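S.K.: Starting off with a structure, shown below.
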Amino acid sequence: MLAHDTALVFGRYARQTLRSRFQMLFGILMPLLYLLFFGPLLTDLPLGSQGSSWQVLVPGLLLQLGLFGASFSGFSIIIEKQTGVIERMRVTPVSRLALLLGRVLRDALLFVFQSVLLVVTALAMGLRAPLVGVLIGFGFVALLSVSLAALSCAFAMTVRTPQEFGPAINAIAMPSMLLSGLMLPMALAPGWLDVLSRFMPVRYLVDAVRDAYIGSYATSSMLYGVIMAVGFATLAVTVGTRVFRKAGA
């Protein structure tokens, strides 16, 4: 029943997304601009990391796509609360976990699709990475998207208006981007900043994807990244489900 209910909810939101090509393509705009205008500036610069500048930048942009895109997924929850959709879902026998999973799996698929477009563009600009590493990167994007979309939906269930939701998400997402080394490796940072960044879960994911993009799979960074990604996703879905149940959604 869980799989059936999840498929129903996923199908509903997937159809909404397919009807909105603007939503499918607009989310990639910011990472694409970073790629086009920031990437060439890093060419041949010593970045304190193995691999080319593209193998450093592109993994960070992929996770930036998941970070900002999934963090704002809860906006749809606020709209549905205001229009009564959540109230109508409350009386259905669909499990609360399925209501959450259907949403976040749609988000994960959307951001992986956008990641494919970003990587294709990066390949045209000079990125060279093994296929296995690229696929591993997509997997990390999917896990990060599930994690942050679940937390975003849970937070949206606790606020009343977009005016409360937006600033709070920005206050969390922007420091997360800066402290996770998405744009540049934290090896370039002073010691205190490097230590502070180790409290950010996304830091371990981006280090793992950068290793994958140079073909290094059996590394401590890869191990820590997998543990952090899976653990974070499990925790986020658990928290999100509890909030949905408590809110009667």
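Quick note on naming: the chains in the structure tokens go A, B, ... in the order shown, residues restart at 1 in each chain, and ligands are numbered from 1 in order of appearance.
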Would you give me, as CSV, each residue of region 84-179 of chain A having an atom within 10 Å of an atom of region 224-228 of chain A, along with its shortest atom pair and that distance in Å to one decimal, using only C-alpha atoms and sorting by chain and residue number?
M.R.:
residue,atom,partner,partner_atom,distance
A:Gly139,CA,A:Val226,CA,9.8
A:Phe140,CA,A:Val226,CA,8.1
A:Leu143,CA,A:Val226,CA,9.5
A:Leu144,CA,A:Met228,CA,9.8
S.K.: In region 106-241 of chain A, what's alpha helix (DSSP H) per DSSP? Answer as an NGL selection string?
M.R.: :A and (106-125 or 131-158 or 162-179 or 191-197 or 201-213 or 220-241)
S.K.: Pull C-alpha atoms from the residues just selected and write them as a compact mmCIF listing (two decimals), in the first residue's frame.
M.R.:
# COMPACT_ATOMS: atom_id res chain seq x y z
CA ARG A 106 9.14 14.23 -7.67
CA ASP A 107 11.57 16.91 -6.53
CA ALA A 108 14.53 14.52 -6.65
CA LEU A 109 13.67 13.46 -10.20
CA LEU A 110 13.29 17.08 -11.29
CA PHE A 111 16.67 18.12 -9.89
CA VAL A 112 18.43 15.09 -11.35
CA PHE A 113 16.98 16.03 -14.75
CA GLN A 114 18.27 19.57 -14.32
CA SER A 115 21.64 18.14 -13.24
CA VAL A 116 21.88 16.19 -16.49
CA LEU A 117 21.35 19.41 -18.45
CA LEU A 118 24.03 21.13 -16.38
CA VAL A 119 26.58 18.35 -16.91
CA VAL A 120 25.90 18.26 -20.66
CA THR A 121 26.59 21.99 -20.83
CA ALA A 122 29.75 21.57 -18.74
CA LEU A 123 30.99 18.82 -21.06
CA ALA A 124 30.65 21.22 -23.98
CA MET A 125 32.71 23.78 -22.04
CA LEU A 131 30.84 8.17 -16.56
CA VAL A 132 30.73 6.30 -13.24
CA GLY A 133 31.72 9.46 -11.41
CA VAL A 134 29.03 11.49 -13.18
CA LEU A 135 26.39 8.91 -12.26
CA ILE A 136 27.56 8.91 -8.64
CA GLY A 137 27.15 12.68 -8.67
CA PHE A 138 23.54 12.33 -9.80
CA GLY A 139 22.95 9.90 -6.93
CA PHE A 140 24.22 12.42 -4.40
CA VAL A 141 22.02 15.13 -5.93
CA ALA A 142 19.00 12.84 -5.56
CA LEU A 143 19.75 12.06 -1.90
CA LEU A 144 20.37 15.72 -1.04
CA SER A 145 17.16 16.70 -2.82
CA VAL A 146 15.14 14.13 -0.88
CA SER A 147 16.66 15.32 2.41
CA LEU A 148 16.14 19.02 1.94
CA ALA A 149 12.75 18.71 0.24
CA ALA A 150 11.47 16.63 3.18
CA LEU A 151 12.72 19.20 5.71
CA SER A 152 11.37 22.06 3.60
CA CYS A 153 7.91 20.46 3.43
CA ALA A 154 8.00 19.82 7.18
CA PHE A 155 8.91 23.43 7.88
CA ALA A 156 6.19 24.67 5.50
CA MET A 157 3.62 22.74 7.52
CA THR A 158 4.53 24.80 10.59
CA PRO A 162 5.34 32.60 2.30
CA GLN A 163 6.63 35.75 4.02
CA GLU A 164 7.62 33.61 7.00
CA PHE A 165 8.97 30.75 4.91
CA GLY A 166 11.21 32.53 2.38
CA PRO A 167 13.49 34.56 4.67
CA ALA A 168 14.01 31.62 7.02
CA ILE A 169 15.07 29.34 4.17
CA ASN A 170 17.41 31.99 2.76
CA ALA A 171 19.00 32.45 6.18
CA ILE A 172 19.86 28.75 6.23
CA ALA A 173 20.64 28.05 2.56
CA MET A 174 23.09 30.88 1.93
CA PRO A 175 25.48 30.12 4.84
CA SER A 176 25.22 26.43 3.93
CA MET A 177 26.40 27.19 0.41
CA LEU A 178 29.30 29.35 1.58
CA LEU A 179 30.47 26.98 4.33
CA GLY A 191 41.89 26.93 9.43
CA TRP A 192 38.99 28.21 11.56
CA LEU A 193 36.69 28.38 8.54
CA ASP A 194 37.66 24.88 7.44
CA VAL A 195 36.84 23.56 10.92
CA LEU A 196 33.48 25.36 10.91
CA SER A 197 32.60 23.91 7.51
CA PRO A 201 26.52 17.98 5.98
CA VAL A 202 26.75 19.21 2.38
CA ARG A 203 30.53 19.63 2.79
CA TYR A 204 30.97 15.84 2.87
CA LEU A 205 28.74 15.32 -0.15
CA VAL A 206 30.61 17.80 -2.32
CA ASP A 207 33.99 16.32 -1.34
CA ALA A 208 32.71 12.88 -2.31
CA VAL A 209 31.39 14.04 -5.69
CA ARG A 210 34.67 15.80 -6.47
CA ASP A 211 36.51 12.56 -5.77
CA ALA A 212 34.10 10.73 -8.06
CA TYR A 213 34.71 13.23 -10.85
CA SER A 220 37.59 8.35 2.98
CA SER A 221 35.76 11.34 1.50
CA MET A 222 33.55 9.00 -0.53
CA LEU A 223 32.80 6.90 2.55
CA TYR A 224 31.95 9.91 4.69
CA GLY A 225 29.85 11.35 1.87
CA VAL A 226 27.77 8.20 1.47
CA ILE A 227 27.23 7.86 5.23
CA MET A 228 26.24 11.50 5.55
CA ALA A 229 23.94 11.47 2.51
CA VAL A 230 22.07 8.31 3.51
CA GLY A 231 21.90 9.27 7.18
CA PHE A 232 20.72 12.80 6.42
CA ALA A 233 18.03 11.52 4.03
CA THR A 234 16.78 8.98 6.58
CA LEU A 235 16.64 11.58 9.34
CA ALA A 236 14.92 14.17 7.14
CA VAL A 237 12.22 11.78 5.91
CA THR A 238 11.60 10.62 9.48
CA VAL A 239 11.22 14.19 10.74
CA GLY A 240 9.05 15.15 7.79
CA THR A 241 6.73 12.19 8.28
S.K.: Select, from A:Thr6, A:Ser180, A:Gln64, A:Gln82, the residue with the minimum atom-to-atom distance to Val104 (chain A), counting only C-alpha atoms.
M.R.: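 Among the listed residues, the smallest separation from Val104 (chain A) belongs to A:Thr6.
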S.K.: Counting only C-alpha atoms, figure out which residue out of A:Arg103, A:Arg15, A:Arg128, A:Arg245 gets nearest to Phe75 (chain A).
M.R.: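 Result for the nearest residue to Phe75 (chain A): A:Arg103.
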